[in-house]
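Scroll down for the structure; my scribbles are underneath it.
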Amino acid sequence: MNNELFDRANERYRLRDYRGALMTFTECLQDTTAPLAPGEMGLLYHQIGNCLVKLKNPGEAIQAYSQATADTAYGAMGTVECNLGMAYASLRDYQNAIRYFEQSVADEANPTPYKSYMGMGNALMKLGKSAEAGVAFREAALDEANPDPTKALLNLGVCFMALNRPADAVASYESAMQFDMLSSTRNKLQASLGQAYVACGQMEKAVHAFEEAIADKTYFLSDSASVDYQRAVAAVAQGTSEQNQATQVLQLADMSGLDVAADGTSVYDMEVYEGEAAEPFYYDEPYEADPANFPGYVGAYENVDNDRFFTATDAELEQWSRGLAKQDRKRRNVGLKILLFFVVVIVLAAAGGVFAYIQGYGWPTQQDVVKSMFADPSAAKESAFAPDVDASKIDGMIDPVVADPNVKIDGVNRSMADSTVYATATTEGGGSVQYQISMVRDGIGWKVSNVELYFPSQS
């Protein structure tokens, strides 16, 4: 490769002369006097794609990044796949975006998987998949390579609100507060925290959070946040600052948890690290600065317990049981006593079966059905679901299911007609995803009626 041309192209890129950088990178690619070594073609197409992104041409950028992925000797494949995801997302092709984000996080050589998780979460939110987006934002927040988990925690709180889990949203927002951030981000975070407090019935805290959000007069509450602010102020004035949480949730006009600034920017839209807010998604730079120089960096995971609310468990659900009375009848006739012996054996066996049925036991068991579903999610579409489940919804339930033949069953809540199984699957990358599987009785066995991702509440 012509190193002189390459250095000149990088300098033009650094000076934000993206068109000049594009032309120079292309010239370097086409220079026949300096043959390319293995991996250098991928590097050049990667840089060309970055230039095209900066020139607001994501369609051509996709073509360049795709050429980069064809060079198997190039060592930054995870980064290129992340950029492909970002480019597809900017074109609102969220399905393809998610596909490339998933490939990016699966690359063990990817130095910044949190970027891919953030992009994935954004794309999933655009598709209305709040639970799956929450998993992605959680992974981004817990990634130790992430120099600024604030946005991931903020977006995770949005997901929790959309899932009607305001207590978890509060935990996420409060964790984000421990980090340094721009005042605009902090104002947005305070407003979102205020709405979460209202949903939890903690009105005094809600009033304080809302007032912090608007204190510098640069931030304006959304309509839903304004309604919650007025409700919280009225509750404090009436001496009912700690209202019943369930009542509050029912009263909320907007459970999305999405607050907006005066410019209409939503909570989960990402800005570029260099602060180029006009771009809806951020991209990696060819040579990024030291993470300590990024805005908001405070030593991301030093003395901060960011996963305190991820590991908490729900209070165990009560299990009800029913007794079965036994009737013993004595017969004086010897022949009848012999017959009675067999009758008693049959009755006891039947009684045991009825008792087990009432208690929610069956064959195959709930655990067996769930394990078979995780062992082969594709086959489970035909065999594991109850007949009355809408076939059009089954694909959507199976999509977030991680194939794991060794899935861990965390607990089973049984009853005679329906049951709930809690399970944790391990991803190929070593992460874990928790599920709540609803089941209905099918003869003496069980079938799946619903599968959703599960976020344990803070204890």
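Each chain in the structure tokens gets a letter, A, B, ..., in the order shown, and its residues are numbered from 1; ligands are numbered from 1 in order too.
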Test item: residues at most 9 Å from A:Pro364, only C-alpha atoms, excluding those fewer than 4 positions along its chain, as a short mmCIF file (atom, residue, chain, number, x, y, z; two decimals) with N, CA and C atoms, in the first residue's frame:
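Wrote it out as result.cif, contents follow:
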```cif
data_model
loop_
_atom_site.label_atom_id
_atom_site.label_comp_id
_atom_site.auth_asym_id
_atom_site.auth_seq_id
_atom_site.Cartn_x
_atom_site.Cartn_y
_atom_site.Cartn_z
N ASP A 368 -39.47 -29.79 31.18
CA ASP A 368 -39.09 -30.55 29.99
C ASP A 368 -39.47 -29.81 28.71
N VAL A 369 -40.66 -29.19 28.71
CA VAL A 369 -41.12 -28.47 27.52
C VAL A 369 -40.22 -27.26 27.26
N ILE A 444 -52.62 -33.98 29.97
CA ILE A 444 -51.88 -34.12 31.22
C ILE A 444 -50.53 -33.41 31.15
N GLY A 445 -50.23 -32.84 29.97
CA GLY A 445 -48.95 -32.15 29.81
C GLY A 445 -49.13 -30.65 29.73
N TRP A 446 -48.14 -29.98 29.16
CA TRP A 446 -48.13 -28.51 29.10
C TRP A 446 -47.67 -28.03 27.74
#
```
Name all residues at most 10 Å from A:Ala380 (count only C-alpha atoms; drop same-chain ones fewer than 6 positions away) and give them as a PyMOL selection string. chain A and resi 369-370+372-374+394+398+448
Provide the atom CA of A:Asp418 to atom CA of A:Ser438 distance in Å, to one decimal place. 7.5 Å
Close residues, A:Ile409 itself excluded, 12 Å, only C-alpha atoms, min 2 positions apart in chain, as a list in words: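 The residues satisfying every condition are Gln366, Gln367, Asp368, Val369, Val370, Lys371, Phe374, Asp404, Pro405, Asn406, Val407, Gly411, Val412, Asn413, Thr420, Val421, Tyr422, Ala423, Thr424, Ala425, Thr426, Gln434, Tyr435, Gln436 and Ile437 of chain A.
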Could you name the residues that touch A:Glu204 at 10 Å or less, counting only C-alpha atoms, but leaving out those on the same chain fewer than 3 positions away, as a VMD selection string? chain A and resid 194 197 to 198 201 207 to 209 232 to 233 235 to 237 239 to 242
Can you measure atom CA of A:Ser449 to atom CA of A:Met416 for me? One decimal in Å is fine.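 Atom CA of A:Met416 lies at a distance of 15.0 Å from atom CA of A:Ser449.
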Expressed in Å to a single decimal, how great is the separation between atom CA of A:Met181 and atom CA of A:Ala152?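 Here the two named atoms are 12.6 Å from each other.
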For A:Ala89, find every residue with an atom within 10 Å (counting only C-alpha atoms), except residues of its own chain fewer than 6 positions away, and show them as a ChimeraX atom specification. /A:58,83,95-98,119-120,122-123,126,280-281
Give me the residues near A:Thr112 as a JSON list (two decimals) with C-alpha atoms, in the first residue's frame, where near means some atom within 10 Å (using only C-alpha atoms) and where sequence neighbours in that chain fewer than 5 positions away do not count.
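After the write, selection13.json holds the following:
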```
[["chain", "number", "residue", "atom", "x", "y", "z"],
["A", 78, "GLY", "CA", -16.53, -6.45, 14.32],
["A", 79, "THR", "CA", -16.14, -2.69, 13.92],
["A", 82, "CYS", "CA", -21.15, -2.38, 13.66],
["A", 104, "SER", "CA", -20.58, -7.53, 15.55],
["A", 105, "VAL", "CA", -21.13, -8.44, 19.22],
["A", 117, "TYR", "CA", -25.28, -3.07, 21.72],
["A", 140, "ALA", "CA", -23.91, -1.88, 26.80],
["A", 143, "ASP", "CA", -19.52, -3.56, 29.11],
["A", 144, "GLU", "CA", -16.33, -2.54, 30.92],
["A", 145, "ALA", "CA", -15.00, -1.10, 27.65],
["A", 146, "ASN", "CA", -17.80, 1.49, 27.70],
["A", 147, "PRO", "CA", -16.27, 4.81, 28.83],
["A", 284, "ASP", "CA", -16.48, 4.72, 14.93]]
```
Within 9 Å of A:Gly429, counting only C-alpha atoms, which residues qualify if same-chain residues fewer than 6 places away don't, as a list in words? Val105, Ala106, Asp107 and Glu108 of chain A
File of the preceding selection, N, CA and C atoms, as a CSV table (one decimal), in the first residue's frame:
```
chain,number,residue,atom,x,y,z
A,105,VAL,N,-21.4,-8.1,17.8
A,105,VAL,CA,-21.1,-8.4,19.2
A,105,VAL,C,-20.7,-9.9,19.4
A,106,ALA,N,-20.9,-10.7,18.4
A,106,ALA,CA,-20.5,-12.1,18.4
A,106,ALA,C,-19.0,-12.2,18.1
A,107,ASP,N,-18.4,-11.2,17.6
A,107,ASP,CA,-17.0,-11.2,17.2
A,107,ASP,C,-16.2,-10.9,18.5
A,108,GLU,N,-15.5,-11.9,19.0
A,108,GLU,CA,-14.7,-11.8,20.2
A,108,GLU,C,-13.6,-10.8,20.1
```
Those in stretch 348-433 of chain A with alpha helix (DSSP H) from DSSP, as an NGL selection string: :A and (348-358 or 366-375 or 377-383 or 391-398)
In terms of only C-alpha atoms, the residue from A:Asn110, A:Asn155, A:Gln359, A:Thr218 at minimal distance from A:Leu124 is A:Asn155
